[in-house]
file model12.txt (compact mmCIF, C-alpha atoms)
# COMPACT_ATOMS: atom_id res chain seq x y z
CA MET A 693 -5.49 -0.90 22.46
CA ALA A 694 -8.94 -1.33 20.97
CA CYS A 695 -10.14 -4.15 23.20
CA ILE A 696 -8.38 -3.35 26.46
CA SER A 697 -8.56 0.10 28.08
CA PRO A 698 -5.42 1.64 29.57
CA ASP A 699 -6.78 0.61 32.99
CA GLY A 700 -6.69 -3.04 31.89
CA LYS A 701 -10.45 -3.48 31.58
CA PRO A 702 -11.96 -4.72 28.33
CA THR A 703 -13.68 -2.11 26.16
CA GLU A 704 -17.22 -2.58 24.85
CA SER A 705 -15.97 -4.49 21.81
CA GLY A 706 -13.54 -6.49 23.99
CA THR A 707 -16.38 -7.45 26.31
CA LYS A 708 -18.53 -8.49 23.33
CA MET A 709 -15.80 -10.83 22.15
CA LEU A 710 -15.23 -12.29 25.61
CA ARG A 711 -18.97 -12.91 25.96
CA ALA A 712 -19.01 -14.64 22.57
CA LEU A 713 -16.20 -16.90 23.81
CA GLN A 714 -18.27 -17.88 26.85
CA ALA A 715 -20.06 -20.38 24.60
CA GLY A 716 -16.76 -22.22 24.07
CA LEU A 717 -14.11 -22.43 21.37
CA GLY A 718 -14.76 -20.06 18.51
CA SER A 719 -13.06 -19.07 15.29
CA PRO A 720 -12.64 -15.37 14.43
CA GLU A 721 -15.30 -15.81 11.73
CA GLU A 722 -17.78 -17.27 14.23
CA ILE A 723 -17.06 -14.53 16.76
CA ALA A 724 -17.48 -11.85 14.08
CA ARG A 725 -20.86 -13.37 13.22
CA ASP A 726 -21.93 -13.56 16.88
CA THR A 727 -20.81 -10.05 17.81
CA GLY A 728 -21.58 -8.20 14.57
CA LEU A 729 -18.04 -6.79 14.62
CA PRO A 730 -16.01 -6.64 11.40
CA LEU A 731 -13.72 -9.65 10.97
CA PHE A 732 -10.56 -7.50 10.96
CA ARG A 733 -11.56 -6.02 14.32
CA VAL A 734 -12.18 -9.49 15.75
CA ARG A 735 -8.83 -10.82 14.53
CA SER A 736 -6.90 -7.89 16.02
CA GLY A 737 -9.06 -7.93 19.16
CA LEU A 738 -8.46 -11.62 19.80
CA ARG A 739 -4.75 -10.99 19.43
CA GLU A 740 -4.96 -8.29 22.11
CA LEU A 741 -7.15 -10.36 24.42
CA THR A 742 -4.70 -13.25 24.09
CA GLN A 743 -1.71 -11.01 24.82
CA ALA A 744 -3.56 -9.68 27.88
CA GLY A 745 -4.15 -13.24 29.08
CA LEU A 746 -7.94 -12.98 28.78
CA ALA A 747 -8.25 -15.45 25.91
CA LYS A 748 -6.27 -18.47 24.72
CA GLN A 749 -5.60 -19.61 21.19
CA ARG A 750 -5.97 -23.27 20.30
CA ASP A 751 -5.05 -23.88 16.66
CA ASP A 752 -7.25 -21.51 14.64
CA LYS A 753 -9.82 -21.05 17.41
CA TYR A 754 -10.00 -19.11 20.63
CA GLU A 755 -11.39 -19.73 24.10
CA LEU A 756 -11.72 -17.81 27.34
CA SER A 757 -8.85 -18.03 29.81
CA GLU A 758 -9.60 -18.37 33.52
CA LYS A 759 -8.72 -14.68 33.91
CA GLY A 760 -11.07 -13.74 31.06
CA ALA A 761 -13.90 -15.86 32.50
CA GLU A 762 -13.41 -14.27 35.91
CA LEU A 763 -13.52 -10.78 34.40
CA ILE A 764 -16.91 -11.12 32.76
CA LYS A 765 -18.61 -13.08 35.53
CA MET B 131 18.78 11.44 -6.54
CA GLU B 132 19.50 8.84 -3.82
CA GLU B 133 17.79 11.09 -1.27
CA ILE B 134 14.63 11.27 -3.42
CA LYS B 135 14.65 7.48 -3.88
CA GLU B 136 14.88 7.05 -0.09
CA GLN B 137 11.96 9.43 0.42
CA MET B 138 9.85 7.60 -2.15
CA GLY B 139 10.30 4.13 -0.69
CA HIS B 140 9.14 1.02 -2.52
CA MET B 141 6.71 1.43 -5.42
CA PRO B 142 4.36 -1.56 -5.40
CA ARG B 143 2.93 -2.89 -8.64
CA ILE B 144 -0.40 -4.35 -9.67
CA GLY B 145 -0.31 -8.14 -9.32
CA GLU B 146 2.23 -8.11 -6.48
CA PRO B 147 1.40 -9.21 -2.93
CA ALA B 148 0.48 -6.15 -0.85
CA PRO B 149 3.35 -5.28 1.53
CA ALA B 150 2.61 -6.65 5.01
CA PHE B 151 2.33 -4.18 7.88
CA GLU B 152 1.37 -3.84 11.50
CA ALA B 153 0.17 -0.33 12.27
CA VAL B 154 -1.40 1.77 14.99
CA THR B 155 -4.86 2.87 13.88
CA THR B 156 -7.92 4.57 15.32
CA HIS B 157 -9.31 1.03 15.80
CA GLY B 158 -6.22 -0.33 17.58
CA LYS B 159 -3.20 -2.13 16.20
CA LEU B 160 -4.04 -3.75 12.86
CA LYS B 161 -2.11 -6.04 10.56
CA LEU B 162 -2.68 -6.38 6.83
CA GLU B 163 -3.42 -10.07 7.42
CA ASP B 164 -6.41 -9.10 9.60
CA PHE B 165 -8.17 -8.23 6.33
CA LYS B 166 -7.36 -11.53 4.58
CA GLY B 167 -10.32 -13.20 2.90
CA GLY B 168 -12.03 -9.90 2.10
CA TRP B 169 -11.35 -6.96 -0.19
CA LEU B 170 -9.54 -3.95 1.20
CA ILE B 171 -9.19 -0.37 0.01
CA LEU B 172 -6.09 1.13 1.60
CA PHE B 173 -5.97 4.85 0.90
CA SER B 174 -3.76 7.69 2.03
CA HIS B 175 -4.52 11.36 2.52
CA PRO B 176 -2.06 14.24 2.96
CA ALA B 177 -3.10 15.49 6.40
CA ASP B 178 -5.89 15.69 8.95
CA PHE B 179 -7.85 18.94 9.32
CA THR B 180 -7.38 19.88 5.66
CA PRO B 181 -10.27 20.78 3.36
CA VAL B 182 -9.99 18.34 0.44
CA CYS B 183 -9.26 15.42 2.78
CA THR B 184 -12.31 16.26 4.86
CA THR B 185 -14.55 16.14 1.78
CA GLU B 186 -12.98 12.82 0.82
CA PHE B 187 -13.53 11.26 4.24
CA ILE B 188 -17.17 12.30 4.12
CA ALA B 189 -17.41 10.80 0.61
CA PHE B 190 -15.69 7.55 1.65
CA THR B 191 -18.11 7.32 4.58
CA GLU B 192 -21.03 7.80 2.17
CA ILE B 193 -19.95 4.87 -0.01
CA HIS B 194 -19.02 2.70 3.01
CA PRO B 195 -22.40 0.87 3.08
CA GLU B 196 -22.11 0.09 -0.65
CA LEU B 197 -18.58 -1.19 -0.11
CA GLN B 198 -19.72 -3.36 2.79
CA LYS B 199 -22.37 -4.95 0.53
CA ARG B 200 -19.48 -5.91 -1.78
CA GLY B 201 -17.34 -7.30 1.07
CA VAL B 202 -14.90 -4.39 1.00
CA GLU B 203 -13.29 -2.74 4.03
CA LEU B 204 -11.75 0.73 4.06
CA LEU B 205 -8.50 1.68 5.77
CA GLY B 206 -7.25 5.27 5.70
CA LEU B 207 -3.70 6.48 6.34
CA SER B 208 -1.72 9.64 6.88
CA VAL B 209 1.47 10.50 8.72
CA ASP B 210 -0.50 12.22 11.50
CA SER B 211 -0.76 10.85 15.04
CA VAL B 212 -3.65 8.73 16.27
CA SER B 213 -4.69 11.61 18.58
CA SER B 214 -4.87 13.91 15.56
CA HIS B 215 -6.98 11.33 13.65
CA ILE B 216 -9.36 10.96 16.61
CA ALA B 217 -9.66 14.75 17.05
CA TRP B 218 -10.29 15.23 13.33
CA ALA B 219 -12.87 12.42 13.14
CA ARG B 220 -14.68 13.93 16.15
CA ASN B 221 -14.55 17.37 14.55
CA VAL B 222 -15.97 16.03 11.26
CA GLU B 223 -18.79 14.36 13.20
CA GLU B 224 -19.50 17.50 15.22
CA LYS B 225 -19.53 19.82 12.19
CA THR B 226 -21.10 17.57 9.55
CA LYS B 227 -22.88 14.80 11.54
CA VAL B 228 -20.85 12.26 9.57
CA LYS B 229 -19.27 9.54 11.74
CA ILE B 230 -16.23 7.98 10.11
CA PRO B 231 -16.76 4.21 10.46
CA PHE B 232 -13.43 2.86 9.24
CA PRO B 233 -9.94 2.81 10.84
CA ILE B 234 -7.20 5.29 9.98
CA ILE B 235 -3.51 4.38 10.25
CA ALA B 236 -1.31 6.81 12.18
CA ASP B 237 1.86 6.32 10.15
CA LEU B 238 4.12 8.66 12.08
CA ASN B 239 7.30 6.74 11.21
CA LYS B 240 6.16 6.49 7.54
CA GLU B 241 6.74 2.74 7.56
CA VAL B 242 3.55 1.92 5.66
CA SER B 243 3.74 5.03 3.44
CA LEU B 244 7.20 4.08 2.24
CA ALA B 245 6.30 0.41 1.76
CA TYR B 246 3.43 1.48 -0.51
CA GLY B 247 5.19 4.39 -2.29
CA MET B 248 2.71 6.91 -0.94
CA ILE B 249 5.20 9.76 -0.58
CA HIS B 250 5.98 11.56 -3.81
CA PRO B 251 8.72 14.09 -3.03
CA GLY B 252 7.86 16.16 -6.12
CA GLN B 253 4.49 16.89 -4.44
CA SER B 254 5.51 16.84 -0.79
CA LYS B 255 8.45 15.40 1.11
CA THR B 256 6.45 15.07 4.33
CA GLU B 257 2.88 14.21 3.33
CA THR B 258 1.38 11.25 1.50
CA VAL B 259 -0.33 11.93 -1.82
CA ARG B 260 -3.87 10.64 -2.41
CA CYS B 261 -3.25 6.95 -3.11
CA VAL B 262 -5.79 4.16 -3.43
CA PHE B 263 -4.72 0.52 -3.29
CA ILE B 264 -7.40 -2.05 -4.00
CA ILE B 265 -6.29 -5.33 -2.45
CA ASP B 266 -8.11 -8.59 -3.14
CA PRO B 267 -9.02 -11.38 -0.67
CA ASN B 268 -5.66 -13.08 -1.38
CA GLN B 269 -3.94 -9.78 -0.50
CA ILE B 270 -2.76 -9.15 -4.06
CA ILE B 271 -2.74 -5.53 -5.26
CA ARG B 272 -5.34 -5.30 -8.01
CA THR B 273 -5.57 -1.55 -8.63
CA ILE B 274 -3.43 1.47 -7.80
CA LEU B 275 -4.66 5.05 -8.17
CA TYR B 276 -2.60 8.14 -7.42
CA TYR B 277 -4.17 11.59 -7.21
CA PRO B 278 -2.33 14.86 -6.61
CA LEU B 279 -2.73 16.81 -3.38
CA THR B 280 -5.15 19.27 -5.01
CA THR B 281 -7.61 16.78 -6.54
CA GLY B 282 -10.19 14.93 -4.45
CA ARG B 283 -10.94 11.34 -5.43
CA ASN B 284 -13.97 10.13 -7.38
CA MET B 285 -15.94 7.63 -5.29
CA ASP B 286 -18.06 6.48 -8.27
CA GLU B 287 -14.90 5.36 -10.01
CA ILE B 288 -13.67 3.49 -6.94
CA LEU B 289 -17.00 1.64 -6.68
CA ARG B 290 -16.96 1.00 -10.42
CA ILE B 291 -13.48 -0.54 -10.20
CA ILE B 292 -14.59 -2.81 -7.34
CA ASP B 293 -17.63 -3.92 -9.37
CA ALA B 294 -15.43 -4.49 -12.43
CA LEU B 295 -12.80 -6.51 -10.53
CA GLN B 296 -15.39 -8.66 -8.80
CA THR B 297 -17.22 -9.24 -12.09
CA THR B 298 -13.95 -10.20 -13.77
CA ASP B 299 -13.06 -12.64 -11.00
CA LYS B 300 -16.48 -14.24 -10.94
CA ASN B 301 -17.01 -14.60 -14.68
CA ALA B 302 -13.51 -14.68 -16.22
CA VAL B 303 -14.28 -11.71 -18.46
CA ALA B 304 -12.91 -8.20 -18.93
CA THR B 305 -14.84 -4.94 -18.80
CA PRO B 306 -14.79 -2.32 -21.56
CA ALA B 307 -14.27 1.43 -21.24
CA ASN B 308 -16.85 3.17 -19.07
CA TRP B 309 -18.39 -0.19 -18.12
CA ARG B 310 -21.10 -0.17 -15.49
CA PRO B 311 -22.78 -3.16 -13.83
CA GLY B 312 -25.42 -4.52 -16.21
CA ASP B 313 -23.48 -3.49 -19.33
CA LYS B 314 -22.08 -6.08 -21.71
CA VAL B 315 -18.65 -7.49 -20.82
CA VAL B 316 -15.70 -8.36 -23.03
CA VAL B 317 -15.02 -12.02 -23.73
CA PRO B 318 -11.27 -12.80 -23.43
CA PRO B 319 -9.63 -12.83 -26.88
CA PRO B 320 -8.98 -16.25 -28.41
CA ASN B 321 -5.44 -17.64 -28.33
CA THR B 322 -5.53 -19.78 -31.46
CA GLN B 323 -6.84 -19.49 -35.00
CA GLU B 324 -9.27 -22.33 -34.34
CA MET B 325 -10.64 -20.54 -31.28
CA ALA B 326 -10.92 -17.31 -33.31
CA GLU B 327 -13.02 -19.06 -35.94
CA GLU B 328 -15.19 -20.75 -33.32
CA ARG B 329 -15.61 -17.48 -31.47
CA LEU B 330 -17.51 -15.95 -34.39
CA LYS B 331 -20.07 -18.78 -34.26
CA GLN B 332 -20.76 -18.56 -30.54
CA GLY B 333 -23.48 -15.92 -30.67
CA TYR B 334 -21.46 -13.14 -29.08
CA GLU B 335 -21.75 -9.56 -30.27
CA CYS B 336 -18.47 -9.40 -32.20
CA THR B 337 -16.92 -6.37 -33.89
CA ASP B 338 -14.23 -8.75 -35.05
CA TRP B 339 -12.69 -11.99 -33.74
CA TYR B 340 -10.66 -10.14 -31.09
CA LEU B 341 -13.45 -7.91 -29.76
CA CYS B 342 -16.52 -9.82 -28.66
CA LYS B 343 -18.99 -8.82 -25.99
CA LYS B 344 -21.70 -10.71 -24.15
CA LYS B 345 -24.42 -10.04 -21.62
CA LEU B 346 -23.90 -11.71 -18.27
call {"tool": "encode", "arguments": {"input": "model12.txt", "output": "structure tokens"}}
result
Amino acid sequence: MACISPDGKPTESGTKMLRALQAGLGSPEEIARDTGLPLFRVRSGLRELTQAGLAKQRDDKYELSEKGAELIK
Amino acid sequence: MEEIKEQMGHMPRIGEPAPAFEAVTTHGKLKLEDFKGGWLILFSHPADFTPVCTTEFIAFTEIHPELQKRGVELLGLSVDSVSSHIAWARNVEEKTKVKIPFPIIADLNKEVSLAYGMIHPGQSKTETVRCVFIIDPNQIIRTILYYPLTTGRNMDEILRIIDALQTTDKNAVATPANWRPGDKVVVPPPNTQEMAEERLKQGYECTDWYLCKKKL
């Protein structure tokens, strides 16, 4: 997992993406621009964060889940 | 014969959609579709911790900034494990100060290698040969290069092909032999006699009606 460590905590890039989602709904392209991460990393990272319940997908955009918001408080 | 066919897998062709995959990499689990909208160079190497491959990874890292300027991502592949890739990348960095910035697929079950015809049993039944697949933003294969195990790839040529493909797409032209950015490009040949006659009046540098060049 690139965005979630084996202990369940987000990695540095995972945290960057979660922080970018704090501003609200964001597309992978917007998150890539905000974080400076390559788009392919953001797309795969958002998939992981969603599977881990830290982010939620709404159409083509993503937002923080309650669990994700709690984690980066 | 059947056994060899099985070992070779599918042989993709230029102009076909790139075979989809989901693979474990040094940057996590990646799908081909994660690269959609940008150019991708998917390349295979025979094995980690081998001399020619090490020189190639250093060379790919050197052209990485130039590729990024052109909107191109790199994705390596071999049938080694992700732990082996990580150990090798760390070793390369420790010994040469070169940090490999792109992901490498750990294709232990050879799923991607077989889908892309990267195993050539005449060279090796267990390792991938040196393949390069240039995949466009629509995920269509635009170029395929195969090099034998003993010959390291030429990065200038890979960059030149990217420049040529992007120039072709942008300007609807072709590029002549040994073309470099800034050189004249080839105007597509006319399809009708009328177009052939008109072509000669259009101010291009024409050797004959079917070979005309222009400056971009």
call {"tool": "residues_around", "arguments": {"input": "model12.txt", "residues": "Glu704 of chain A", "least_positions_apart": "3", "cutoff": "12 Å", "atoms": "only C-alpha atoms", "output": "PDB file with C-alpha atoms, keeping the file's coordinate frame"}}
result
ATOM      1  CA  ALA A 694      -8.940  -1.330  20.970  1.00  0.00           C
ATOM      2  CA  CYS A 695     -10.140  -4.150  23.200  1.00  0.00           C
ATOM      3  CA  ILE A 696      -8.380  -3.350  26.460  1.00  0.00           C
ATOM      4  CA  SER A 697      -8.560   0.100  28.080  1.00  0.00           C
ATOM      5  CA  LYS A 701     -10.450  -3.480  31.580  1.00  0.00           C
ATOM      6  CA  THR A 707     -16.380  -7.450  26.310  1.00  0.00           C
ATOM      7  CA  LYS A 708     -18.530  -8.490  23.330  1.00  0.00           C
ATOM      8  CA  MET A 709     -15.800 -10.830  22.150  1.00  0.00           C
ATOM      9  CA  LEU A 710     -15.230 -12.290  25.610  1.00  0.00           C
ATOM     10  CA  ARG A 711     -18.970 -12.910  25.960  1.00  0.00           C
ATOM     11  CA  THR A 727     -20.810 -10.050  17.810  1.00  0.00           C
ATOM     12  CA  LEU A 729     -18.040  -6.790  14.620  1.00  0.00           C
ATOM     13  CA  GLY A 737      -9.060  -7.930  19.160  1.00  0.00           C
ATOM     14  CA  ILE A 764     -16.910 -11.120  32.760  1.00  0.00           C
TER      15      ILE A 764
END
call {"tool": "interface_residues", "arguments": {"input": "model12.txt", "of": "chain B", "to": "chain A", "cutoff": "6 Å", "atoms": "all atoms listed in the file", "output": "PDB file with C-alpha atoms, keeping the file's coordinate frame"}}
result
ATOM      1  CA  HIS B 157      -9.310   1.030  15.800  1.00  0.00           C
ATOM      2  CA  GLY B 158      -6.220  -0.330  17.580  1.00  0.00           C
ATOM      3  CA  LEU B 160      -4.040  -3.750  12.860  1.00  0.00           C
ATOM      4  CA  ASP B 164      -6.410  -9.100   9.600  1.00  0.00           C
ATOM      5  CA  PHE B 165      -8.170  -8.230   6.330  1.00  0.00           C
TER       6      PHE B 165
END
call {"tool": "atom_distance", "arguments": {"input": "model12.txt", "atom1": "atom CA of Asp699 of chain A", "atom2": "atom CA of Gln749 of chain A"}}
result
23.4 Å
call {"tool": "closest_residue", "arguments": {"input": "model12.txt", "among": "B:Thr280, B:Thr258, B:Gln296, B:Thr155", "to": "Ser208 of chain B", "atoms": "all atoms listed in the file"}}
result
B:Thr258
call {"tool": "closest_residue", "arguments": {"input": "model12.txt", "among": "A:Ala747, A:Thr742, A:Leu756, A:Asp726", "to": "Gln714 of chain A", "atoms": "all atoms listed in the file"}}
result
A:Leu756
call {"tool": "residues_around", "arguments": {"input": "model12.txt", "residues": "Asp752 of chain A", "least_positions_apart": "3", "cutoff": "12 Å", "atoms": "only C-alpha atoms", "output": "ChimeraX atom specification"}}
result
/A:717-722,735,738-739,748-749,755
call {"tool": "residues_around", "arguments": {"input": "model12.txt", "residues": "segment 223-231 of chain B", "least_positions_apart": "5", "cutoff": "9 Å", "atoms": "all atoms listed in the file", "output": "list in words"}}
result
Phe187, Ile188, Phe190, Thr191, Glu192, His194, Leu204 and Trp218 of chain B
call {"tool": "atom_distance", "arguments": {"input": "model12.txt", "atom1": "atom CA of Pro142 of chain B", "atom2": "atom CA of Tyr246 of chain B"}}
result
5.8 Å
call {"tool": "residues_around", "arguments": {"input": "model12.txt", "residues": "Ile271 of chain B", "least_positions_apart": "6", "cutoff": "8 Å", "atoms": "only C-alpha atoms", "output": "ChimeraX atom specification"}}
result
/B:143-148,263-265
call {"tool": "axis_aligned_box", "arguments": {"input": "model12.txt", "around": "segment 230-234 of chain B", "padding_each_side": "5 Å", "output": "JSON"}}
result
{"center_x": -12.0, "center_y": 5.4, "center_z": 10.0, "size_x": 19.6, "size_y": 15.2, "size_z": 11.6}
call {"tool": "residues_around", "arguments": {"input": "model12.txt", "residues": "Ala307 of chain B", "least_positions_apart": "5", "cutoff": "12 Å", "atoms": "all atoms listed in the file", "output": "list in words"}}
result
Glu287, Arg290, Ile291, Ala294, Asp313, Lys314, Val315 and Val316 of chain B
call {"tool": "atom_distance", "arguments": {"input": "model12.txt", "atom1": "atom CA of Asp266 of chain B", "atom2": "atom CA of Trp169 of chain B"}}
result
4.7 Å
call {"tool": "residues_near_point", "arguments": {"input": "model12.txt", "point": "(-1.3, 6.7, -5.0)", "cutoff": "8 Å", "atoms": "all atoms listed in the file", "output": "MDAnalysis selection string"}}
result
chainID B and resid 173:174 247:248 259:263 274:277
call {"tool": "closest_residue", "arguments": {"input": "model12.txt", "among": "B:Val242, B:Met141, B:Leu162, B:Leu346", "to": "Thr297 of chain B", "atoms": "only C-alpha atoms"}}
result
B:Leu346
